[in-house]
Each structure stands twice: as structure tokens, then as C-alpha cells.
>>> print(open('upload06.txt').read())   # compact mmCIF, C-alpha atoms
# COMPACT_ATOMS: atom_id res chain seq x y z
CA MET A 1 -7.43 -17.48 -15.00
CA SER A 2 -4.43 -17.75 -12.78
CA ASP A 3 -4.24 -16.72 -9.14
CA GLU A 4 -1.98 -13.83 -10.13
CA SER A 5 -4.46 -12.33 -12.60
CA LEU A 6 -7.34 -12.72 -10.15
CA GLN A 7 -5.25 -11.10 -7.42
CA ASN A 8 -5.67 -7.82 -9.31
CA TRP A 9 -9.40 -7.97 -8.50
CA VAL A 10 -9.15 -8.96 -4.81
CA PRO A 11 -10.11 -5.91 -2.70
CA SER A 12 -7.51 -6.53 0.02
CA GLN A 13 -4.76 -7.07 -2.55
CA SER A 14 -5.68 -4.35 -5.03
CA PRO A 15 -7.56 -1.62 -3.16
CA GLU A 16 -6.86 0.94 -5.92
CA THR A 17 -9.22 -0.92 -8.26
CA TRP A 18 -11.96 -1.04 -5.65
CA ILE A 19 -11.48 2.58 -4.68
CA VAL A 20 -12.37 3.48 -8.26
CA ILE A 21 -15.30 1.03 -8.48
CA ASN A 22 -16.77 2.01 -5.10
CA THR A 23 -16.27 5.72 -5.77
CA VAL A 24 -18.14 5.42 -9.07
CA CYS A 25 -20.96 3.54 -7.30
CA PHE A 26 -21.01 6.16 -4.52
CA ILE A 27 -21.18 9.10 -6.94
CA TYR A 28 -23.84 7.42 -9.06
CA SER A 29 -25.82 6.64 -5.88
CA LEU A 30 -25.61 10.28 -4.89
CA LEU A 31 -26.79 11.44 -8.31
CA LEU A 32 -29.56 8.84 -8.35
CA SER A 33 -30.80 9.96 -4.93
CA PHE A 34 -31.03 13.55 -6.20
CA TYR A 35 -32.85 12.33 -9.32
CA ILE A 36 -35.37 10.31 -7.29
CA VAL A 37 -36.05 13.24 -4.95
CA GLN A 38 -36.56 15.51 -7.98
CA ALA A 39 -38.85 12.92 -9.62
CA LEU A 40 -41.06 12.65 -6.53
CA GLY A 41 -42.68 15.93 -7.50
CA ASP A 42 -42.84 15.20 -11.24
CA LEU A 43 -45.15 12.37 -12.30
CA GLY A 44 -43.63 12.34 -15.77
CA GLU A 45 -40.14 11.63 -14.40
CA ARG A 46 -41.15 8.87 -11.97
CA PRO A 47 -41.04 5.94 -14.44
CA SER A 48 -37.55 6.96 -15.58
CA ALA A 49 -36.32 7.37 -12.01
CA GLN A 50 -37.84 4.03 -11.10
CA ALA A 51 -36.17 2.28 -14.05
CA SER A 52 -32.82 3.89 -13.18
CA TYR A 53 -33.10 2.73 -9.60
CA ILE A 54 -34.07 -0.86 -10.44
CA ILE A 55 -31.29 -1.33 -12.99
CA TRP A 56 -28.75 0.38 -10.72
CA ASN A 57 -29.84 -1.77 -7.76
CA PHE A 58 -29.42 -5.00 -9.71
CA GLY A 59 -26.05 -3.98 -11.15
CA THR A 60 -24.55 -2.85 -7.87
CA THR A 61 -25.66 -5.95 -5.98
CA LEU A 62 -23.93 -8.08 -8.62
CA VAL A 63 -20.77 -5.97 -8.19
CA TRP A 64 -21.07 -6.47 -4.44
CA CYS A 65 -21.39 -10.26 -4.89
CA PHE A 66 -18.26 -10.26 -7.03
CA GLU A 67 -16.34 -8.11 -4.54
CA ALA A 68 -17.30 -10.20 -1.51
CA GLY A 69 -16.97 -13.47 -3.40
CA ILE A 70 -13.49 -12.88 -4.77
CA GLU A 71 -12.24 -11.65 -1.37
CA SER A 72 -13.65 -14.76 0.31
CA TRP A 73 -12.19 -17.02 -2.37
CA TRP A 74 -8.78 -15.33 -2.07
CA ASN A 75 -8.69 -15.75 1.71
CA TYR A 76 -9.71 -19.40 1.32
CA ARG A 77 -6.90 -19.96 -1.23
CA MET A 78 -4.32 -18.31 1.01
CA ILE A 79 -5.32 -20.51 3.96
CA VAL A 80 -5.09 -23.66 1.82
CA VAL A 81 -1.72 -22.64 0.33
CA GLN A 82 -0.30 -21.81 3.76
CA ARG A 83 -1.42 -25.16 5.16
CA GLN A 84 0.08 -26.97 2.16
CA ASN A 85 3.37 -25.12 2.69
CA ASP A 86 3.28 -26.24 6.32
CA SER A 87 2.52 -29.81 5.11
CA GLN A 88 -0.81 -29.81 6.94
CA LYS A 89 -4.02 -31.07 5.45
CA ILE A 90 -7.14 -29.01 5.94
CA SER A 91 -10.69 -29.72 4.88
CA TRP A 92 -12.34 -27.29 2.47
CA TRP A 93 -15.01 -26.55 5.09
CA ARG A 94 -12.48 -25.69 7.76
CA ALA A 95 -10.52 -23.46 5.38
CA ALA A 96 -13.69 -21.74 4.16
CA THR A 97 -14.97 -21.06 7.67
CA SER A 98 -11.68 -20.10 9.30
CA SER A 99 -11.76 -17.06 11.54
CA GLY A 100 -10.11 -14.89 8.89
CA ASN A 101 -12.70 -15.76 6.28
CA ILE A 102 -15.99 -15.97 8.19
CA ALA A 103 -16.70 -12.23 7.95
CA ASN A 104 -16.16 -12.40 4.19
CA LEU A 105 -18.52 -15.37 3.90
CA ILE A 106 -21.18 -13.51 5.88
CA GLU A 107 -20.77 -10.47 3.61
CA LEU A 108 -21.04 -12.75 0.57
CA LEU A 109 -24.26 -14.34 1.89
CA VAL A 110 -25.76 -10.89 2.55
CA ALA A 111 -24.74 -9.77 -0.95
CA VAL A 112 -26.33 -12.86 -2.51
CA TYR A 113 -29.51 -12.27 -0.49
CA PHE A 114 -29.77 -8.68 -1.72
CA SER A 115 -28.91 -9.76 -5.28
CA ILE A 116 -31.79 -12.22 -5.26
CA GLY A 117 -34.07 -9.48 -3.95
CA SER A 118 -32.92 -7.08 -6.66
CA ALA A 119 -33.38 -9.76 -9.34
CA VAL A 120 -36.95 -10.33 -8.14
CA LEU A 121 -37.55 -6.57 -8.18
CA LEU A 122 -36.12 -6.33 -11.71
CA TRP A 123 -38.28 -9.26 -12.83
CA LYS A 124 -41.44 -7.72 -11.32
CA TRP A 125 -40.72 -4.44 -13.07
CA ALA A 126 -39.52 -5.74 -16.46
CA ILE A 127 -41.66 -8.87 -16.95
CA THR A 128 -44.89 -8.26 -15.09
CA GLY A 129 -44.94 -4.49 -15.54
CA GLU A 130 -45.72 -4.07 -11.85
CA ASN A 131 -45.59 -0.46 -10.72
CA LEU A 132 -43.09 -0.22 -7.90
CA ASN A 133 -42.63 2.69 -5.53
CA GLU A 134 -39.37 4.61 -5.58
CA ARG A 135 -36.87 3.30 -3.11
CA LEU A 136 -35.11 6.39 -1.82
CA LEU A 137 -34.27 4.68 1.48
CA ASP A 138 -32.49 1.89 -0.43
CA VAL A 139 -30.49 4.42 -2.41
CA VAL A 140 -29.46 6.24 0.78
CA THR A 141 -28.53 2.92 2.43
CA ASN A 142 -26.39 1.99 -0.57
CA LEU A 143 -24.89 5.47 -0.55
CA VAL A 144 -23.74 4.90 3.03
CA PHE A 145 -22.42 1.42 2.15
CA TYR A 146 -20.37 2.68 -0.79
CA PHE A 147 -18.98 5.50 1.31
CA TYR A 148 -17.91 2.90 3.88
CA ALA A 149 -16.41 0.72 1.10
CA MET A 150 -14.44 3.69 -0.26
CA VAL A 151 -13.04 4.50 3.19
CA ARG A 152 -12.21 0.81 3.82
CA ASP A 153 -10.33 0.61 0.53
CA PHE A 154 -8.41 3.82 1.26
CA VAL A 155 -7.39 2.33 4.62
CA ARG A 156 -6.28 -0.89 2.87
CA LEU A 157 -4.26 1.11 0.35
CA HIS A 158 -2.65 3.16 3.11
CA SER A 159 -1.73 -0.05 4.95
CA ILE A 160 -0.19 -1.58 1.82
CA LEU A 161 1.77 1.58 1.03
CA ARG A 162 2.96 1.83 4.65
CA ASP A 163 4.10 -1.82 4.63
CA ASP A 164 5.94 -1.29 1.34
CA ARG A 165 7.63 1.83 2.74
CA LEU A 166 8.71 -0.05 5.87
CA LYS A 167 10.11 -2.93 3.77
CA ASN A 168 12.06 -0.48 1.62
CA GLU A 169 13.46 1.26 4.71
CA MET A 170 14.46 -2.08 6.20
CA TYR A 171 16.28 -3.14 3.03
CA THR A 172 18.15 0.17 2.77
CA GLN A 173 19.31 -0.16 6.39
CA ILE A 174 20.61 -3.68 5.71
CA GLU A 175 22.65 -2.52 2.72
>>> encode(input="upload06.txt", output="C-alpha cells")
Amino acid sequence: MSDESLQNWVPSQSPETWIVINTVCFIYSLLLSFYIVQALGDLGERPSAQASYIIWNFGTTLVWCFEAGIESWWNYRMIVVQRQNDSQKISWWRAATSSGNIANLIELLVAVYFSIGSAVLLWKWAITGENLNERLLDVVTNLVFYFYAMVRDFVRLHSILRDDRLKNEMYTQIE
């Protein structure tokens, strides 16, 4: 895949895509939280609610890893390309840990940590048949995160649209 095709998946470059993805995750999180609360009083519904949560948890942590990973990779690539254009050499470590990318790397590490935890939870549930308690707090935490991600992506989109508008105004003034 080329840099241009991957750019369509980078949250800071294509916030529209991530607005949709994070909104879907947010809405599903909201529905899942209602389902878990409803299932707390119905023993027959608990296994289904538990399965829904575990699968949802694993899937969304993988989406989060992808989102954080591709943003971090993109920032790393832009730093390397800029340094090459300036005819400066930079080590991969220095580019990866530059001030503009460190927050993305931290987010990626947190996402990987939670993905490993969700994989272990999925394995315990699917392979060993261990009975796990519902995780309403996790669902609410993820609900808050996806709300934050939606707002962040709307802000990114607004910034991109504003910059495009300013560029267009500047070009029309020049002509």
C-alpha cells in the first residue's frame, strides 16, 4: 500500500472516516451498556450479554490499536520525509520518539496493553469456559473514550475545513 492510500485511514488526515468509526463504536457501546444493565436482572440474558461484551471489547481494542498505530506511523513518516527534504539524517528512534509523536506512541502502547487484556479475557471465556462477571464499568469507560474520540475527530475536521477555507480565500485575493 502506498502512503497516499494509507493517508485515507490516518485520523489526523481523514477525520471523516474516524468520525464514522468512533460514532458507531460509541452508539454500540451505549446500546451494550443498556443491554448489560437489563441483563443484570435476567439470569437467562447474562450469558448473551457477557458474550456481546467480550467480543465487542476485543474488536474495539483492535480498532483502537489500528487507529493509534496508523497515526503514530504517519507522524513518524512525515518527520522522516521532512528531514530528508531538509537533507538531514535522523535515526529511526529519534523520529519515532519526537515530541510530535510521543503522545501517539503512548496511546499505541496503552491500546496494545488493553488489547492483550481483552485477548486474555476472550481466551478465558471461549477456550476455558470461565464464567466472567459483566463489565459495565468497562463499557462506560469505553463509552466515554469513544465520545472523546468523536469530539476530537470533529475538531480535526473543523480545523481541516477552516484551513482549506483560508487557503481558498488567500488564493482568490491573489487573483
>>> residues_around(input="upload06.txt", residues="segment 113-118 of chain A", least_positions_apart="5", cutoff="7 Å", atoms="all atoms listed in the file", output="ChimeraX atom specification")
/A:57-58,61-62
>>> residues_around(input="upload06.txt", residues="Leu122 of chain A", least_positions_apart="3", cutoff="12 Å", atoms="only C-alpha atoms", output="mmCIF file with C-alpha atoms, in the frame of the given file")
data_model
loop_
_atom_site.group_PDB
_atom_site.id
_atom_site.type_symbol
_atom_site.label_atom_id
_atom_site.label_comp_id
_atom_site.auth_asym_id
_atom_site.auth_seq_id
_atom_site.Cartn_x
_atom_site.Cartn_y
_atom_site.Cartn_z
ATOM 1 C CA GLN A 50 -37.840 4.030 -11.100
ATOM 2 C CA ALA A 51 -36.170 2.280 -14.050
ATOM 3 C CA SER A 52 -32.820 3.890 -13.180
ATOM 4 C CA TYR A 53 -33.100 2.730 -9.600
ATOM 5 C CA ILE A 54 -34.070 -0.860 -10.440
ATOM 6 C CA ILE A 55 -31.290 -1.330 -12.990
ATOM 7 C CA TRP A 56 -28.750 0.380 -10.720
ATOM 8 C CA ASN A 57 -29.840 -1.770 -7.760
ATOM 9 C CA PHE A 58 -29.420 -5.000 -9.710
ATOM 10 C CA GLY A 59 -26.050 -3.980 -11.150
ATOM 11 C CA THR A 61 -25.660 -5.950 -5.980
ATOM 12 C CA SER A 115 -28.910 -9.760 -5.280
ATOM 13 C CA ILE A 116 -31.790 -12.220 -5.260
ATOM 14 C CA GLY A 117 -34.070 -9.480 -3.950
ATOM 15 C CA SER A 118 -32.920 -7.080 -6.660
ATOM 16 C CA ALA A 119 -33.380 -9.760 -9.340
ATOM 17 C CA TRP A 125 -40.720 -4.440 -13.070
ATOM 18 C CA ALA A 126 -39.520 -5.740 -16.460
ATOM 19 C CA ILE A 127 -41.660 -8.870 -16.950
ATOM 20 C CA THR A 128 -44.890 -8.260 -15.090
ATOM 21 C CA GLY A 129 -44.940 -4.490 -15.540
ATOM 22 C CA GLU A 130 -45.720 -4.070 -11.850
ATOM 23 C CA ASN A 131 -45.590 -0.460 -10.720
ATOM 24 C CA LEU A 132 -43.090 -0.220 -7.900
#
>>> atom_distance(input="upload06.txt", atom1="atom CA of Arg156 of chain A", atom2="atom CA of Ile19 of chain A")
9.8 Å
>>> residues_around(input="upload06.txt", residues="segment 65-71 of chain A", least_positions_apart="3", cutoff="7 Å", atoms="all atoms listed in the file", output="ChimeraX atom specification")
/A:10-11,61-62,74-75,104,107-108,111-112
>>> atom_distance(input="upload06.txt", atom1="atom CA of Ala103 of chain A", atom2="atom CA of Ser12 of chain A")
13.4 Å
>>> closest_residue(input="upload06.txt", among="A:Val155, A:Met150, A:Val24, A:Asp164", to="Thr60 of chain A", atoms="only C-alpha atoms")
A:Val24
>>> closest_residue(input="upload06.txt", among="A:Val20, A:Asn8, A:Gln13, A:Tyr76", to="Val151 of chain A", atoms="all atoms listed in the file")
A:Val20
>>> atom_distance(input="upload06.txt", atom1="atom CA of Glu4 of chain A", atom2="atom CA of Val80 of chain A")
15.8 Å
>>> closest_residue(input="upload06.txt", among="A:Val139, A:Cys25, A:Ile102, A:Asp42", to="Trp73 of chain A", atoms="only C-alpha atoms")
A:Ile102
>>> axis_aligned_box(input="upload06.txt", around="segment 105-112 of chain A", padding_each_side="6 Å", output="lines of an AutoDock Vina configuration file")
center_x = -22.4
center_y = -12.6
center_z = 1.7
size_x = 19.8
size_y = 17.6
size_z = 20.4
>>> closest_residue(input="upload06.txt", among="A:Tyr28, A:Arg77, A:Ile160, A:Tyr35", to="Gln7 of chain A", atoms="only C-alpha atoms")
A:Arg77
